[in-house]
Amino acid sequence: MCPNSTCDHTRKGLLLGKAEQHKVVYFGCSGMVPAYSVQLYCKSYKTTYHANYKVTDIVQIADHYFVDYGVVRLWKAMMHTSCTSATNCPYIYNIALVNAESTQFPGTKWFSKDITMDHVWNTFIICTLLEDCHKCHCDVRQELMHHFCAKCTHIYNHANKLVSVIVVNGIVVSCPCCSVPNCWVHLCTSQDHFCYVHSACLEQCAIKGYARSVISGSLTCNIPAHQESEALHTLQSKRLANKKRLCVQFTCNYTHCEELIVAPCGMIHAHETMHNAEGVGKMCPTHNDPFFQDISLSIDIFHFECKHSKQDTFCQENCNPAAFLELKMDDEEWYFNSSACKQTNSWFSKFNPINFNFFLNEMILCRNQETLKKLERTGKKPSVWARMSLPGV
């Protein structure tokens, strides 16, 4: 029936009519099966309902291709647990799930019987968008962002105090960015040197410090030394090492790293791109800022002992984790796992070739959901801040 409750046909109990039928390939949990796709039509509302109108057990990923949602979950699990590429997902499927139907089905000139990398990416994007639309109504993402549990939050009953910890650290996962320093506008394609805001810079000589116009079909101006530098770059000649080096910009820049914000329990709260460095200039000032009134900033134990100079007086006096008694238990052991971010970075770094925020955000969500299940199994009582009610806190 028509899903619209105000439809006359729905109130009369009439079924939708068949609008179109054509041959398709169905990739199920047991292999490939030839099938038919039927699109339904509501005469009352003059609306055709396609397969991806809502989240169902079967997803249409191309004109003649449908995938079982169990296969979709398998591919996403392979991607976020073992970092399986979109190339290997269909390769494994085509090898492991060959059946009688797939060997006897000849395919047609319009479509093949094998699933490809493009099908996997279509599946990932379509299903992620459908799930995201569904989750917007149940606030799953919002709950994960406001998570707390016994591993990342500690309540001191004797002092009527609550302490929650997050760890921030960077991992080198770079992606192309605009060649103008500190420009946050995305490139239209990964082959671009500048974003659309600074596209006029393409008309200027690629040798830094020169604003001369470029020669047609070139990246440099008419100065012979600049032309030679571009020629050597194009040929990738080792003779460049014997020449006087010029400060050039023949390609786009790459971001410095991704900064992860992780709770000691392993839940990832956010990630942010650092375009140039993790330096002090990227950090917000904390002095006299009321936001940081109840926030303490400490170096994690490993970095404090191994990476920070003991001659740094400010660091020793203000960032020593041993000075924060809330971080320790009664037996002087550390209560929180401050290495959680490093441990998460080892997983996150495997996606370095991806450089696709849409994909990375979905992988983080998948990992958070699995971490949440583990916390529930181990009795860590995960919840969200909005549900918390502590008198006097």
# chains A, B, ... in the order shown; residues from 1 in each chain; ligands from 1
$ residues_around --residues "segment 266-275 of chain A" --least-positions-apart "3" --cutoff "6 Å" --atoms "only C-alpha atoms" --output "PyMOL selection string"
chain A and resi 145+255-263+340+368
$ write_last_selection --atoms "all heavy atoms" --output "mmCIF file, in the first residue's frame"
data_model
loop_
_atom_site.group_PDB
_atom_site.id
_atom_site.type_symbol
_atom_site.label_atom_id
_atom_site.label_comp_id
_atom_site.auth_asym_id
_atom_site.auth_seq_id
_atom_site.Cartn_x
_atom_site.Cartn_y
_atom_site.Cartn_z
ATOM 1 N N MET A 145 28.322 11.341 20.763
ATOM 2 C CA MET A 145 29.146 12.521 21.031
ATOM 3 C C MET A 145 29.106 12.912 22.506
ATOM 4 O O MET A 145 30.079 13.448 23.034
ATOM 5 C CB MET A 145 28.685 13.692 20.172
ATOM 6 C CG MET A 145 29.007 13.570 18.694
ATOM 7 S SD MET A 145 28.405 14.991 17.761
ATOM 8 C CE MET A 145 29.312 16.320 18.542
ATOM 9 N N THR A 255 47.534 18.710 3.896
ATOM 10 C CA THR A 255 47.296 19.012 5.304
ATOM 11 C C THR A 255 48.341 18.322 6.172
ATOM 12 O O THR A 255 48.915 17.296 5.779
ATOM 13 C CB THR A 255 45.894 18.561 5.730
ATOM 14 O OG1 THR A 255 45.750 17.159 5.478
ATOM 15 C CG2 THR A 255 44.831 19.317 4.965
ATOM 16 N N HIS A 256 48.563 18.874 7.356
ATOM 17 C CA HIS A 256 49.610 18.348 8.233
ATOM 18 C C HIS A 256 49.186 17.048 8.911
ATOM 19 O O HIS A 256 49.920 16.060 8.900
ATOM 20 C CB HIS A 256 49.965 19.394 9.296
ATOM 21 C CG HIS A 256 51.008 18.932 10.273
ATOM 22 N ND1 HIS A 256 52.322 18.736 9.917
ATOM 23 C CD2 HIS A 256 50.920 18.613 11.590
ATOM 24 C CE1 HIS A 256 53.002 18.327 10.974
ATOM 25 N NE2 HIS A 256 52.176 18.242 11.999
ATOM 26 N N CYS A 257 48.008 17.025 9.524
ATOM 27 C CA CYS A 257 47.576 15.832 10.242
ATOM 28 C C CYS A 257 46.107 15.952 10.616
ATOM 29 O O CYS A 257 45.472 16.989 10.395
ATOM 30 C CB CYS A 257 48.425 15.614 11.504
ATOM 31 S SG CYS A 257 48.119 16.843 12.797
ATOM 32 N N GLU A 258 45.582 14.877 11.177
ATOM 33 C CA GLU A 258 44.243 14.877 11.761
ATOM 34 C C GLU A 258 44.384 14.801 13.273
ATOM 35 O O GLU A 258 45.146 13.984 13.792
ATOM 36 C CB GLU A 258 43.423 13.681 11.267
ATOM 37 C CG GLU A 258 43.006 13.769 9.818
ATOM 38 C CD GLU A 258 41.997 14.867 9.559
ATOM 39 O OE1 GLU A 258 41.041 14.998 10.360
ATOM 40 O OE2 GLU A 258 42.158 15.607 8.567
ATOM 41 N N GLU A 259 43.696 15.679 13.976
ATOM 42 C CA GLU A 259 43.730 15.705 15.438
ATOM 43 C C GLU A 259 42.508 14.945 15.961
ATOM 44 O O GLU A 259 41.366 15.315 15.675
ATOM 45 C CB GLU A 259 43.711 17.139 15.939
ATOM 46 C CG GLU A 259 44.304 17.332 17.312
ATOM 47 C CD GLU A 259 45.822 17.327 17.303
ATOM 48 O OE1 GLU A 259 46.426 17.396 16.215
ATOM 49 O OE2 GLU A 259 46.405 17.258 18.401
ATOM 50 N N LEU A 260 42.742 13.875 16.707
ATOM 51 C CA LEU A 260 41.657 13.073 17.252
ATOM 52 C C LEU A 260 41.393 13.443 18.702
ATOM 53 O O LEU A 260 42.326 13.676 19.474
ATOM 54 C CB LEU A 260 41.995 11.582 17.177
ATOM 55 C CG LEU A 260 42.029 10.938 15.783
ATOM 56 C CD1 LEU A 260 42.360 9.461 15.914
ATOM 57 C CD2 LEU A 260 40.718 11.115 15.070
ATOM 58 N N ILE A 261 40.122 13.509 19.061
ATOM 59 C CA ILE A 261 39.705 13.738 20.450
ATOM 60 C C ILE A 261 39.020 12.464 20.918
ATOM 61 O O ILE A 261 37.931 12.120 20.466
ATOM 62 C CB ILE A 261 38.753 14.943 20.553
ATOM 63 C CG1 ILE A 261 39.442 16.204 20.001
ATOM 64 C CG2 ILE A 261 38.310 15.168 21.991
ATOM 65 C CD1 ILE A 261 38.546 17.426 19.976
ATOM 66 N N VAL A 262 39.701 11.728 21.819
ATOM 67 C CA VAL A 262 39.278 10.385 22.202
ATOM 68 C C VAL A 262 39.128 10.299 23.715
ATOM 69 O O VAL A 262 39.952 10.819 24.471
ATOM 70 C CB VAL A 262 40.307 9.330 21.723
ATOM 71 C CG1 VAL A 262 39.826 7.914 22.029
ATOM 72 C CG2 VAL A 262 40.579 9.488 20.237
ATOM 73 N N ALA A 263 38.079 9.624 24.167
ATOM 74 C CA ALA A 263 37.898 9.353 25.594
ATOM 75 C C ALA A 263 38.756 8.161 25.989
ATOM 76 O O ALA A 263 39.087 7.321 25.150
ATOM 77 C CB ALA A 263 36.427 9.074 25.894
ATOM 78 N N ALA A 340 44.793 6.134 25.226
ATOM 79 C CA ALA A 340 43.681 5.744 24.357
ATOM 80 C C ALA A 340 43.792 6.376 22.975
ATOM 81 O O ALA A 340 43.479 5.749 21.964
ATOM 82 C CB ALA A 340 42.354 6.134 25.010
ATOM 83 N N ASN A 368 32.826 3.578 16.999
ATOM 84 C CA ASN A 368 32.193 3.997 18.251
ATOM 85 C C ASN A 368 31.053 3.066 18.643
ATOM 86 O O ASN A 368 30.866 2.749 19.824
ATOM 87 C CB ASN A 368 31.674 5.430 18.122
ATOM 88 C CG ASN A 368 32.768 6.466 18.311
ATOM 89 O OD1 ASN A 368 33.867 6.156 18.781
ATOM 90 N ND2 ASN A 368 32.491 7.693 17.933
#
$ residues_around --residues "segment 67-77 of chain A" --least-positions-apart "2" --cutoff "8 Å" --atoms "only C-alpha atoms" --output "list in words"
Tyr26, Phe27, Gly28, Cys29, Thr56, Asp57, Ile58, Val59, Gln60, Ile61, Tyr65, Met79, His80, Thr81, Ser82, Cys89, Thr123, Phe124, Cys127 and Cys366 of chain A
$ residues_around --residues "Pro321 of chain A" --least-positions-apart "4" --cutoff "8 Å" --atoms "only C-alpha atoms" --output "tab-separated table (two decimals) with C-alpha atoms, in the first residue's frame"
chain	number	residue	atom	x	y	z
A	298	SER	CA	47.56	18.03	31.42
A	299	ILE	CA	50.16	16.22	29.32
A	300	ASP	CA	49.56	12.48	29.13
A	301	ILE	CA	51.97	10.31	31.15
A	304	PHE	CA	55.37	14.01	29.82
A	327	LEU	CA	43.65	11.29	37.72
$ atom_distance --atom1 "atom CA of Thr116 of chain A" --atom2 "atom CA of Ala86 of chain A"
8.6 Å
$ select_by_dssp --residues "segment 313-375 of chain A" --states "alpha helix (DSSP H)" --output "number ranges by chain"
A: 313-318, 340-348, 357-375
$ write_last_selection --atoms "N, CA, C and O atoms" --output "short mmCIF file (atom, residue, chain, number, x, y, z; two decimals), in the first residue's frame"
data_model
loop_
_atom_site.label_atom_id
_atom_site.label_comp_id
_atom_site.auth_asym_id
_atom_site.auth_seq_id
_atom_site.Cartn_x
_atom_site.Cartn_y
_atom_site.Cartn_z
N THR A 313 60.07 24.91 32.68
CA THR A 313 59.47 25.21 33.99
C THR A 313 57.95 25.31 33.90
O THR A 313 57.24 24.77 34.75
N PHE A 314 57.45 25.98 32.88
CA PHE A 314 56.01 26.16 32.77
C PHE A 314 55.31 24.82 32.64
O PHE A 314 54.28 24.56 33.29
N CYS A 315 55.86 23.94 31.81
CA CYS A 315 55.26 22.62 31.60
C CYS A 315 55.30 21.81 32.89
O CYS A 315 54.31 21.16 33.26
N GLN A 316 56.43 21.84 33.60
CA GLN A 316 56.56 21.07 34.83
C GLN A 316 55.61 21.55 35.92
O GLN A 316 55.06 20.76 36.68
N GLU A 317 55.34 22.85 35.94
CA GLU A 317 54.49 23.40 36.99
C GLU A 317 53.00 23.32 36.68
O GLU A 317 52.18 23.21 37.59
N ASN A 318 52.64 23.34 35.41
CA ASN A 318 51.23 23.45 35.05
C ASN A 318 50.64 22.24 34.33
O ASN A 318 49.41 22.08 34.32
N ALA A 340 44.79 6.13 25.23
CA ALA A 340 43.68 5.74 24.36
C ALA A 340 43.79 6.38 22.98
O ALA A 340 43.48 5.75 21.96
N CYS A 341 44.25 7.63 22.93
CA CYS A 341 44.33 8.32 21.64
C CYS A 341 45.42 7.70 20.77
O CYS A 341 45.24 7.51 19.57
N LYS A 342 46.56 7.35 21.37
CA LYS A 342 47.63 6.69 20.63
C LYS A 342 47.16 5.36 20.07
O LYS A 342 47.45 4.98 18.94
N GLN A 343 46.41 4.62 20.88
CA GLN A 343 45.90 3.32 20.45
C GLN A 343 44.89 3.48 19.31
O GLN A 343 44.87 2.69 18.37
N THR A 344 44.07 4.51 19.37
CA THR A 344 43.11 4.77 18.31
C THR A 344 43.82 5.25 17.05
O THR A 344 43.41 4.92 15.93
N ASN A 345 44.90 6.01 17.21
CA ASN A 345 45.65 6.51 16.06
C ASN A 345 46.21 5.37 15.20
O ASN A 345 46.29 5.47 13.98
N SER A 346 46.61 4.27 15.85
CA SER A 346 47.16 3.13 15.11
C SER A 346 46.11 2.54 14.18
O SER A 346 46.44 2.02 13.10
N TRP A 347 44.84 2.60 14.59
CA TRP A 347 43.75 2.16 13.71
C TRP A 347 43.45 3.22 12.66
O TRP A 347 43.31 2.91 11.47
N PHE A 348 43.38 4.47 13.06
CA PHE A 348 42.99 5.56 12.17
C PHE A 348 44.01 5.75 11.05
O PHE A 348 43.65 6.09 9.92
N ASN A 357 36.59 12.71 4.04
CA ASN A 357 35.97 12.96 5.33
C ASN A 357 34.66 12.20 5.50
O ASN A 357 34.35 11.73 6.59
N PHE A 358 33.88 12.10 4.44
CA PHE A 358 32.62 11.38 4.51
C PHE A 358 32.87 9.93 4.93
O PHE A 358 32.19 9.38 5.80
N PHE A 359 33.88 9.32 4.33
CA PHE A 359 34.22 7.94 4.65
C PHE A 359 34.79 7.83 6.07
O PHE A 359 34.39 6.95 6.85
N LEU A 360 35.71 8.71 6.43
CA LEU A 360 36.33 8.66 7.75
C LEU A 360 35.31 8.87 8.85
O LEU A 360 35.36 8.19 9.89
N ASN A 361 34.38 9.78 8.66
CA ASN A 361 33.34 10.02 9.68
C ASN A 361 32.49 8.77 9.89
O ASN A 361 32.12 8.44 11.02
N GLU A 362 32.18 8.06 8.81
CA GLU A 362 31.37 6.85 8.94
C GLU A 362 32.16 5.73 9.62
O GLU A 362 31.62 4.97 10.42
N MET A 363 33.47 5.64 9.32
CA MET A 363 34.30 4.63 9.97
C MET A 363 34.40 4.90 11.48
O MET A 363 34.39 3.97 12.30
N ILE A 364 34.50 6.17 11.85
CA ILE A 364 34.53 6.53 13.27
C ILE A 364 33.22 6.16 13.94
O ILE A 364 33.21 5.62 15.06
N LEU A 365 32.11 6.41 13.27
CA LEU A 365 30.80 6.05 13.84
C LEU A 365 30.69 4.54 14.03
O LEU A 365 30.23 4.07 15.08
N CYS A 366 31.15 3.77 13.04
CA CYS A 366 31.11 2.30 13.15
C CYS A 366 31.96 1.83 14.32
O CYS A 366 31.56 0.95 15.09
N ARG A 367 33.16 2.41 14.47
CA ARG A 367 34.05 2.02 15.56
C ARG A 367 33.43 2.39 16.91
O ARG A 367 33.50 1.62 17.88
N ASN A 368 32.83 3.58 17.00
CA ASN A 368 32.19 4.00 18.25
C ASN A 368 31.05 3.07 18.64
O ASN A 368 30.87 2.75 19.82
N GLN A 369 30.29 2.63 17.67
CA GLN A 369 29.18 1.72 17.97
C GLN A 369 29.68 0.38 18.51
O GLN A 369 29.09 -0.20 19.42
N GLU A 370 30.79 -0.12 17.94
CA GLU A 370 31.37 -1.37 18.43
C GLU A 370 31.99 -1.18 19.81
O GLU A 370 31.89 -2.06 20.67
N THR A 371 32.62 -0.03 20.04
CA THR A 371 33.18 0.27 21.36
C THR A 371 32.07 0.36 22.40
O THR A 371 32.21 -0.13 23.53
N LEU A 372 30.94 0.95 22.03
CA LEU A 372 29.80 1.08 22.94
C LEU A 372 29.27 -0.30 23.33
O LEU A 372 28.96 -0.55 24.51
N LYS A 373 29.18 -1.22 22.38
CA LYS A 373 28.72 -2.58 22.68
C LYS A 373 29.68 -3.28 23.65
O LYS A 373 29.25 -3.99 24.57
N LYS A 374 30.98 -3.06 23.45
CA LYS A 374 31.98 -3.67 24.34
C LYS A 374 31.87 -3.12 25.76
O LYS A 374 31.98 -3.87 26.74
N LEU A 375 31.65 -1.80 25.88
CA LEU A 375 31.51 -1.19 27.20
C LEU A 375 30.27 -1.72 27.91
O LEU A 375 30.28 -1.92 29.13
#
$ atom_distance --atom1 "atom CA of Ile166 of chain A" --atom2 "atom CA of Leu129 of chain A"
28.9 Å
$ atom_distance --atom1 "atom CA of His198 of chain A" --atom2 "atom CA of Asn222 of chain A"
22.1 Å
$ residues_around --residues "Tyr196 of chain A" --least-positions-apart "2" --cutoff "10 Å" --atoms "only C-alpha atoms" --output "ChimeraX atom specification"
/A:178,185-188,192-194,198-201
$ write_last_selection --atoms "C-alpha atoms" --output "tab-separated table (two decimals), in the first residue's frame"
chain	number	residue	atom	x	y	z
A	178	CYS	CA	44.68	24.79	-1.17
A	185	VAL	CA	38.24	26.07	1.52
A	186	HIS	CA	38.10	22.59	0.00
A	187	LEU	CA	39.52	21.86	-3.45
A	188	CYS	CA	37.02	21.02	-6.18
A	192	ASP	CA	43.62	21.32	-8.25
A	193	HIS	CA	46.39	23.51	-6.84
A	194	PHE	CA	44.12	26.20	-5.44
A	198	HIS	CA	42.20	31.59	-4.86
A	199	SER	CA	41.91	30.28	-8.43
A	200	ALA	CA	43.44	33.55	-9.71
A	201	CYS	CA	46.76	32.42	-8.21
$ closest_residue --among "A:Cys152, A:Trp184, A:Ser349, A:Glu228" --to "Trp334 of chain A" --atoms "only C-alpha atoms"
A:Cys152
$ closest_residue --among "A:Ser309, A:Asn276, A:Ser37, A:Ser112" --to "Val180 of chain A" --atoms "only C-alpha atoms"
A:Asn276
$ decode --residues "segment 318-378 of chain A" --atoms "C-alpha atoms" --output "mmCIF file, in the first residue's frame"
data_model
loop_
_atom_site.group_PDB
_atom_site.id
_atom_site.type_symbol
_atom_site.label_atom_id
_atom_site.label_comp_id
_atom_site.auth_asym_id
_atom_site.auth_seq_id
_atom_site.Cartn_x
_atom_site.Cartn_y
_atom_site.Cartn_z
ATOM 1 C CA ASN A 318 51.228 23.452 35.055
ATOM 2 C CA CYS A 319 50.981 20.299 32.916
ATOM 3 C CA ASN A 320 52.455 17.553 35.110
ATOM 4 C CA PRO A 321 49.796 14.795 35.307
ATOM 5 C CA ALA A 322 51.025 13.852 38.790
ATOM 6 C CA ALA A 323 49.823 17.250 40.047
ATOM 7 C CA PHE A 324 46.208 16.352 39.208
ATOM 8 C CA LEU A 325 45.099 14.096 42.040
ATOM 9 C CA GLU A 326 41.792 13.401 40.285
ATOM 10 C CA LEU A 327 43.653 11.286 37.720
ATOM 11 C CA LYS A 328 44.838 8.764 40.324
ATOM 12 C CA MET A 329 43.167 6.107 42.432
ATOM 13 C CA ASP A 330 43.726 5.564 46.153
ATOM 14 C CA ASP A 331 46.593 3.119 45.445
ATOM 15 C CA GLU A 332 48.374 5.785 43.365
ATOM 16 C CA GLU A 333 47.645 3.942 40.089
ATOM 17 C CA TRP A 334 46.346 5.963 37.154
ATOM 18 C CA TYR A 335 42.563 5.763 36.871
ATOM 19 C CA PHE A 336 42.275 6.797 33.199
ATOM 20 C CA ASN A 337 43.940 5.299 30.139
ATOM 21 C CA SER A 338 45.713 8.338 28.737
ATOM 22 C CA SER A 339 47.148 6.244 25.862
ATOM 23 C CA ALA A 340 43.681 5.744 24.357
ATOM 24 C CA CYS A 341 44.331 8.316 21.637
ATOM 25 C CA LYS A 342 47.631 6.689 20.625
ATOM 26 C CA GLN A 343 45.895 3.323 20.448
ATOM 27 C CA THR A 344 43.107 4.767 18.309
ATOM 28 C CA ASN A 345 45.652 6.508 16.057
ATOM 29 C CA SER A 346 47.161 3.132 15.113
ATOM 30 C CA TRP A 347 43.753 2.155 13.714
ATOM 31 C CA PHE A 348 42.995 5.556 12.168
ATOM 32 C CA SER A 349 46.348 5.769 10.348
ATOM 33 C CA LYS A 350 45.449 2.740 8.200
ATOM 34 C CA PHE A 351 42.987 4.936 6.308
ATOM 35 C CA ASN A 352 45.749 7.263 5.101
ATOM 36 C CA PRO A 353 45.145 6.585 1.371
ATOM 37 C CA ILE A 354 41.435 7.413 1.706
ATOM 38 C CA ASN A 355 41.512 11.138 2.525
ATOM 39 C CA PHE A 356 37.738 11.332 2.384
ATOM 40 C CA ASN A 357 35.974 12.958 5.328
ATOM 41 C CA PHE A 358 32.621 11.377 4.514
ATOM 42 C CA PHE A 359 34.221 7.937 4.651
ATOM 43 C CA LEU A 360 36.334 8.664 7.745
ATOM 44 C CA ASN A 361 33.340 10.019 9.677
ATOM 45 C CA GLU A 362 31.371 6.854 8.939
ATOM 46 C CA MET A 363 34.297 4.626 9.975
ATOM 47 C CA ILE A 364 34.532 6.533 13.271
ATOM 48 C CA LEU A 365 30.803 6.050 13.841
ATOM 49 C CA CYS A 366 31.111 2.297 13.148
ATOM 50 C CA ARG A 367 34.046 2.017 15.561
ATOM 51 C CA ASN A 368 32.193 3.997 18.251
ATOM 52 C CA GLN A 369 29.176 1.721 17.970
ATOM 53 C CA GLU A 370 31.367 -1.374 18.425
ATOM 54 C CA THR A 371 33.176 0.270 21.363
ATOM 55 C CA LEU A 372 29.804 1.075 22.938
ATOM 56 C CA LYS A 373 28.725 -2.578 22.683
ATOM 57 C CA LYS A 374 31.980 -3.668 24.336
ATOM 58 C CA LEU A 375 31.512 -1.186 27.195
ATOM 59 C CA GLU A 376 27.986 -2.503 27.771
ATOM 60 C CA ARG A 377 29.211 -6.133 27.806
ATOM 61 C CA THR A 378 31.958 -5.362 30.315
#
